[in-house]
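A short worksheet on the structure shown next.
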Protein chains: 2
Amino acid sequence: MSENFCYAHPHPAVATDVVMFTVRDERLELLLIKRANDPFRGIWALPGGFLDIDEDLEACARRELEEETGLSGLYMEQLYTFSDPGRDPRERVISVTYLSLVSSNRLELRAASDAADAAWFPIDQLPELAFDHGRIVALAHERLLAKLEYSTIAFQLMPYTFTLSELQSVYEILRGERLDKRNFRKWIQALDLIEQTGELRRSGQHRPARVYRAKNRGEGEIQIIK
Amino acid sequence: MSENFCYAHPHPAVATDVVMFTVRDERLELLLIKRANDPFRGIWALPGGFLDIDEDLEACARRELEEETGLSGLYMEQLYTFSDPGRDPRERVISVTYLSLVSSNRLELRAASDAADAAWFPIDQLPELAFDHGRIVALAHERLLAKLEYSTIAFQLMPYTFTLSELQSVYEILRGERLDKRNFRKWIQALDLIEQTGELRRSGQHRPARVYRAKNRGEGEIQIIK
DNA sequence: TCAAAAGTGTTTGCTATACACCCATGA
DNA sequence: TCATGGGTGTATAGCAAACACTTTTGA
């Protein structure tokens with residue numbers, strides 16, 4: 001492979017990496033791909049890859065995510081840009097990282113080209129990670145928990161419709177504590193961001209639950225609370 | 001100038017830009033430099049420049065800031081990474097931006113090498129800005145106001161010691177509203193983040209003010225409130 | 001009829017806000 | 001002595017947290 005792209009000053013490579021979370025089986029889970037190539041061949045890593053010269057960073061993150069896992073059209077926000085000169089053994093690589101969320105009902109993965117394998121891991125049972133991806137995941141986890149408190153980011157983890165018990169369960173799993181059912185319902189209803197669909201959801205031998213949806217599901221809108 | 005740095009794939013250039021705020025003369029002010037070179041020669045812009053191949057991004061931001069203005073050792077946090085493919089007319093440039101704050105007592109500027117001139121502008125009287133720097137400033141301003149509400153970022157705008165009236169004044173200028181003196185003092189003292197130095201500050205024909213300092217001035221530590 | 005989750009209000013404590021006067025100094 | 005900003009406390013309202021029982025369904 002010849003080296004045809006030349007500059008008067010050295011340029012770092014620029015890549016994106018995506019920290020994709022979901023909640024399922026009562027746990028917060030993280031999406032990883034097993035690297036098919038060196039460096040770190042066979043080691044788990046965040047989905048991501050190098051920036052094309054005419055796309056912006058978010059488009060790059062979405063493209064790489066879809067290429068490696070088949071996931072598309074999800075909530076995605078810029079997290080942080082990592083630039084330690086030694087973070088990639090090949091060459092100088094700046095990584096712009098994204099935090100992304102997907103609801104548990106649409107996480108069918110399809111492993112593809114540059115990833116040997118893709119899988120979900122519980123956040124407290126992660127394998128060894130390539131590069132500085134452990135640090136990136138830690139920052140993303142922290143950001144997610146912080147945004148829970150003052151935004152409606154948790155809706156991004158819900159299907160299009162959901163019951164209040166399902167929503168409460170997601171908050172409980174992320175915060176790691178039980179919440180009072182009456183207080184939770186009072187709070188979420190007072191925010192005036194969800195509405196009933198009119199349907200009922202039946203499951204198991206108990207009273208059916210009312211079904212709700214987010215009011216302004218502008219595909220990825222986050223409201224700041226208060 | 002020959003083009004000696006060659007790669008197998010095209011690499012964007014990576015630069016940092018610094019949004020530096022201070023409060024003086026009862027106003028929020030922004031630091032700008034007048035560009036000495038094309039493109040946008042003679043137009044005001046944020047201090048910043050290209051990443052050296054062996055420094056990390058924050059070091060680059062600090063270096064460029066010091067080269068262009070003489071300011072160093074200040075609070076600095078990563079803001080956002082801008083990547084619109086058309087944002088720089090010369091070549092593809094990714095800009096990693098930083099939000100920085102300086103207290104009004106140490107803002108002696110020294111114009112240097114690549115900046116024809118450096119000056120402070122009131123935030124509501126900005127000149128036309130080069131590149132997408134207007135958008136960057138808007139985002140930084142928004143972030144600063146948001147962090148006021150839940151962090152101690154405002155201390156970064158204060159000198160090492162200050163009176164409660166001076167601190168209150170900074171909050172009032174940033175938030176654009178008057179605050180009740182008793183409530184402000186109750187709130188700030190309850191946070192337990194400042195302590196008296198024991199000194200009194202005399203100024204004008206009125207009672208002298210007690211002098212305070214931030215408790216853990218670890219040069220750039222921000223506390224999250226609550 | 002039983003088990004299991006859905007659904008519903010009131011009381012209490014704390015935090016945020018509104019509000020007015022005396023103090024110490026320099027001119 | 002007067003003008004100027006420094007310094008202080010209390011009452012009220014709104015929000016957050018604690019807390020237990022009835023309803024509806026499927027097996």
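In the structure tokens, the first chain shown is A, the next is B, and so on; residue numbers restart at 1 for each chain, and ligands run from 1 in the order shown.
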- Task: Could you give me, as a list in words, the residues within 9 Å of Asn216 of chain A, counting only C-alpha atoms (C1' of nucleotides) and dropping anything in the same chain fewer than 3 positions from it?
- Result: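 Answer for this query is Leu193, Ile194, Arg213, Glu219 and Glu221 of chain A.
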Contacts of chain B with chain C up to 8 Å, shortest pair per row, only C-alpha atoms (C1' of nucleotides), as CSV:
```
residue,atom,partner,partner_atom,distance
B:Gly204,CA,C:DG26,C1',6.7
B:Gln205,CA,C:DG26,C1',4.1
B:His206,CA,C:DT25,C1',4.3
B:Arg207,CA,C:DA24,C1',4.2
B:Pro208,CA,C:DT25,C1',6.9
```
Contacts between chain A and chain D, please, where a residue of chain D counts if it comes within 12 Å (with only C-alpha atoms (C1' of nucleotides)); show its shortest atom pair and distance in Å to one decimal, rows by chain and ascending number, as CSV.
```
residue,atom,partner,partner_atom,distance
D:DC15,C1',A:Trp187,CA,10.4
D:DA16,C1',A:Asn183,CA,8.7
D:DA17,C1',A:Asn183,CA,8.0
D:DA18,C1',A:Asp180,CA,9.0
D:DC19,C1',A:Asp180,CA,9.5
D:DA20,C1',A:Arg182,CA,11.2
D:DT23,C1',A:Arg207,CA,7.6
D:DT24,C1',A:Arg207,CA,4.2
D:DT25,C1',A:His206,CA,4.3
D:DG26,C1',A:Gln205,CA,4.1
D:DA27,C1',A:Gln205,CA,6.9
```
Serialized selection, N, CA and C atoms (P, O5', C5', C4', C3', O3' and C1' of nucleotides), as a tab-separated table (two decimals), in the first residue's frame:
```tsv
chain	number	residue	atom	x	y	z
D	15	DC	P	-42.83	23.29	43.41
D	15	DC	O5'	-41.79	22.23	44.00
D	15	DC	C5'	-40.41	22.58	44.13
D	15	DC	C4'	-39.71	21.46	44.87
D	15	DC	C3'	-39.98	20.07	44.28
D	15	DC	O3'	-38.72	19.41	44.16
D	15	DC	C1'	-40.54	20.10	46.59
D	16	DA	P	-38.62	17.90	43.61
D	16	DA	O5'	-38.22	17.12	44.95
D	16	DA	C5'	-37.14	17.59	45.75
D	16	DA	C4'	-36.92	16.61	46.88
D	16	DA	C3'	-36.97	15.15	46.45
D	16	DA	O3'	-36.03	14.42	47.24
D	16	DA	C1'	-38.73	15.57	47.97
D	17	DA	P	-35.86	12.81	47.04
D	17	DA	O5'	-36.50	12.22	48.38
D	17	DA	C5'	-36.04	12.69	49.64
D	17	DA	C4'	-36.82	12.02	50.75
D	17	DA	C3'	-36.98	10.51	50.55
D	17	DA	O3'	-36.67	9.87	51.79
D	17	DA	C1'	-39.11	11.54	50.81
D	18	DA	P	-36.57	8.22	51.83
D	18	DA	O5'	-37.76	7.86	52.82
D	18	DA	C5'	-37.87	8.53	54.08
D	18	DA	C4'	-39.24	8.27	54.66
D	18	DA	C3'	-39.66	6.79	54.60
D	18	DA	O3'	-40.01	6.35	55.90
D	18	DA	C1'	-41.37	8.19	53.71
D	19	DC	P	-40.12	4.77	56.20
D	19	DC	O5'	-41.68	4.49	55.95
D	19	DC	C5'	-42.63	5.26	56.66
D	19	DC	C4'	-43.99	5.00	56.07
D	19	DC	C3'	-44.20	3.56	55.58
D	19	DC	O3'	-45.35	2.99	56.16
D	19	DC	C1'	-44.96	5.13	54.00
D	20	DA	P	-45.59	1.36	55.99
D	20	DA	O5'	-47.17	1.30	56.17
D	20	DA	C5'	-47.99	2.35	55.66
D	20	DA	C4'	-49.26	1.78	55.08
D	20	DA	C3'	-49.53	0.29	55.34
D	20	DA	O3'	-50.93	0.13	55.55
D	20	DA	C1'	-49.50	0.68	53.02
D	23	DT	P	-60.58	-2.05	45.96
D	23	DT	O5'	-59.62	-2.24	44.72
D	23	DT	C5'	-59.28	-1.11	43.93
D	23	DT	C4'	-58.66	-1.59	42.62
D	23	DT	C3'	-59.52	-2.60	41.85
D	23	DT	O3'	-59.50	-2.22	40.49
D	23	DT	C1'	-57.37	-3.49	42.22
D	24	DT	P	-60.66	-2.73	39.50
D	24	DT	O5'	-59.91	-3.82	38.63
D	24	DT	C5'	-58.83	-3.43	37.80
D	24	DT	C4'	-58.05	-4.65	37.45
D	24	DT	C3'	-58.87	-5.78	36.83
D	24	DT	O3'	-58.52	-5.83	35.46
D	24	DT	C1'	-57.22	-6.57	38.36
D	25	DT	P	-59.30	-6.70	34.39
D	25	DT	O5'	-58.45	-8.03	34.35
D	25	DT	C5'	-57.13	-7.99	33.81
D	25	DT	C4'	-56.31	-9.12	34.34
D	25	DT	C3'	-56.78	-10.51	33.94
D	25	DT	O3'	-56.16	-10.85	32.73
D	25	DT	C1'	-55.83	-10.41	36.15
D	26	DG	P	-56.40	-12.21	32.00
D	26	DG	O5'	-55.45	-13.21	32.81
D	26	DG	C5'	-54.03	-13.02	32.78
D	26	DG	C4'	-53.36	-14.27	33.29
D	26	DG	C3'	-53.85	-15.55	32.63
D	26	DG	O3'	-52.72	-16.42	32.50
D	26	DG	C1'	-54.45	-15.58	34.95
D	27	DA	P	-52.85	-17.92	32.06
D	27	DA	O5'	-52.77	-18.69	33.43
D	27	DA	C5'	-51.64	-18.51	34.29
D	27	DA	C4'	-51.76	-19.37	35.52
D	27	DA	C3'	-52.15	-20.83	35.23
D	27	DA	O3'	-51.36	-21.70	36.03
D	27	DA	C1'	-53.69	-19.88	36.75
```
- One decimal, Å: what's the distance from atom CA of Val14 of chain A over to atom CA of Ile43 of chain B, could you say?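 Here the two named atoms are 28.5 Å from each other.
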- Message: Distance limit 7 Å, atoms considered: only C-alpha atoms. Which chain B residues sit that close to chain A? Return them as an MDAnalysis selection string.
- Response: chainID B and resid 1:13 53:57 83:85
- Task: Could you find all residues in segment 8-222 of chain B that DSSP calls helix (DSSP H, G or I) from the backbone, and write them as a ChimeraX atom specification?
- Result: /B:57-69,104-106,133-150,153-157,164-175,181-190
- Message: Report, in Å with one decimal, the straight-line distance from atom CA of Lys147 of chain A to atom CA of Phe121 of chain A.
- Response: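 Atom CA of Phe121 of chain A lies 21.7 Å from atom CA of Lys147 of chain A.
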- Query: At what distance in Å, to one decimal, does atom CA of Gln189 of chain B lie from atom CA of His141 of chain B?
  - Reply: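 Calculated distance between atom CA of His141 of chain B and atom CA of Gln189 of chain B is 26.4 Å.
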- Query: Per DSSP on the backbone, what are the strand (DSSP E or B) residues of segment 80-177 of chain B, as a ChimeraX atom specification?
  - Reply: /B:80-82,93-101,115-122,129,151,161-162
- Message: Please list as a list in words every residue within 8 Å of segment 21-25 of chain B, counting only C-alpha atoms (C1' of nucleotides) and excluding residues in the same chain fewer than 6 positions away.
- Response: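 Listed by chain and then number, they are Leu31, Leu99, Ser100, Leu101, Val102, Ser103, Ser104, Leu157, Val170 and Ile173 of chain B.
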Atoms kept (C-alpha atoms) for selection, written as a PDB file, in the first residue's frame:
```pdb
ATOM      1  CA  LEU B  31     -10.378  36.932  24.582  1.00  0.00           C
ATOM      2  CA  LEU B  99     -13.259  26.459  27.761  1.00  0.00           C
ATOM      3  CA  SER B 100     -10.898  28.467  29.934  1.00  0.00           C
ATOM      4  CA  LEU B 101     -11.355  31.042  32.671  1.00  0.00           C
ATOM      5  CA  VAL B 102      -9.090  33.650  34.176  1.00  0.00           C
ATOM      6  CA  SER B 103      -9.572  35.940  37.145  1.00  0.00           C
ATOM      7  CA  SER B 104      -9.707  39.619  36.395  1.00  0.00           C
ATOM      8  CA  LEU B 157     -13.029  33.699  37.695  1.00  0.00           C
ATOM      9  CA  VAL B 170     -19.571  37.582  39.453  1.00  0.00           C
ATOM     10  CA  ILE B 173     -23.024  39.310  35.997  1.00  0.00           C
TER      11      ILE B 173
END
```
Would you kindly return, as a PDB file with N, CA and C atoms, in the first residue's frame, each protein, DNA or RNA residue with an atom no farther than 12 Å from any atom of Gly176 of chain A, considering only C-alpha atoms (C1' of nucleotides) and excluding same-chain residues fewer than 5 positions away?
```
ATOM      1  N   GLU A  26     -32.143  -7.064  33.271  1.00  0.00           N
ATOM      2  CA  GLU A  26     -31.980  -6.372  34.553  1.00  0.00           C
ATOM      3  C   GLU A  26     -30.555  -5.878  34.800  1.00  0.00           C
ATOM      4  N   ARG A  27     -29.806  -5.623  33.690  1.00  0.00           N
ATOM      5  CA  ARG A  27     -28.429  -5.156  33.847  1.00  0.00           C
ATOM      6  C   ARG A  27     -28.107  -4.114  32.796  1.00  0.00           C
ATOM      7  N   LEU A  28     -27.145  -3.263  33.099  1.00  0.00           N
ATOM      8  CA  LEU A  28     -26.592  -2.355  32.105  1.00  0.00           C
ATOM      9  C   LEU A  28     -25.540  -3.115  31.321  1.00  0.00           C
ATOM     10  N   LEU A 145     -24.665   8.168  34.116  1.00  0.00           N
ATOM     11  CA  LEU A 145     -25.276   8.261  35.443  1.00  0.00           C
ATOM     12  C   LEU A 145     -25.553   9.714  35.814  1.00  0.00           C
ATOM     13  N   GLN A 168     -39.425   2.589  35.434  1.00  0.00           N
ATOM     14  CA  GLN A 168     -38.841   2.639  36.784  1.00  0.00           C
ATOM     15  C   GLN A 168     -37.720   1.623  36.914  1.00  0.00           C
ATOM     16  N   SER A 169     -37.907   0.460  36.340  1.00  0.00           N
ATOM     17  CA  SER A 169     -36.883  -0.574  36.420  1.00  0.00           C
ATOM     18  C   SER A 169     -35.567  -0.110  35.791  1.00  0.00           C
ATOM     19  N   VAL A 170     -35.647   0.597  34.661  1.00  0.00           N
ATOM     20  CA  VAL A 170     -34.432   1.106  34.016  1.00  0.00           C
ATOM     21  C   VAL A 170     -33.721   2.105  34.931  1.00  0.00           C
ATOM     22  N   TYR A 171     -34.466   3.003  35.546  1.00  0.00           N
ATOM     23  CA  TYR A 171     -33.853   3.944  36.489  1.00  0.00           C
ATOM     24  C   TYR A 171     -33.211   3.205  37.659  1.00  0.00           C
TER      25      TYR A 171
END
```
- Excluding same-chain residues fewer than 4 positions from Ile33 of chain A, what lies within 7 Å of it counting only C-alpha atoms (C1' of nucleotides), as JSON, numbers by chain? {"A": [44, 45, 46, 47, 115, 117, 118, 119]}
I need the residues from that last selection saved to file as a compact mmCIF listing (two decimals), in the first residue's frame (with C-alpha atoms), if you can.
```txt
# COMPACT_ATOMS: atom_id res chain seq x y z
CA TRP A 44 -12.43 -6.86 22.79
CA ALA A 45 -12.73 -3.19 21.86
CA LEU A 46 -15.25 -0.43 21.26
CA PRO A 47 -16.77 -0.27 17.79
CA ALA A 115 -15.04 -7.18 13.51
CA ASP A 117 -17.46 -10.87 16.56
CA ALA A 118 -19.79 -8.49 18.39
CA ALA A 119 -21.44 -9.05 21.78
```
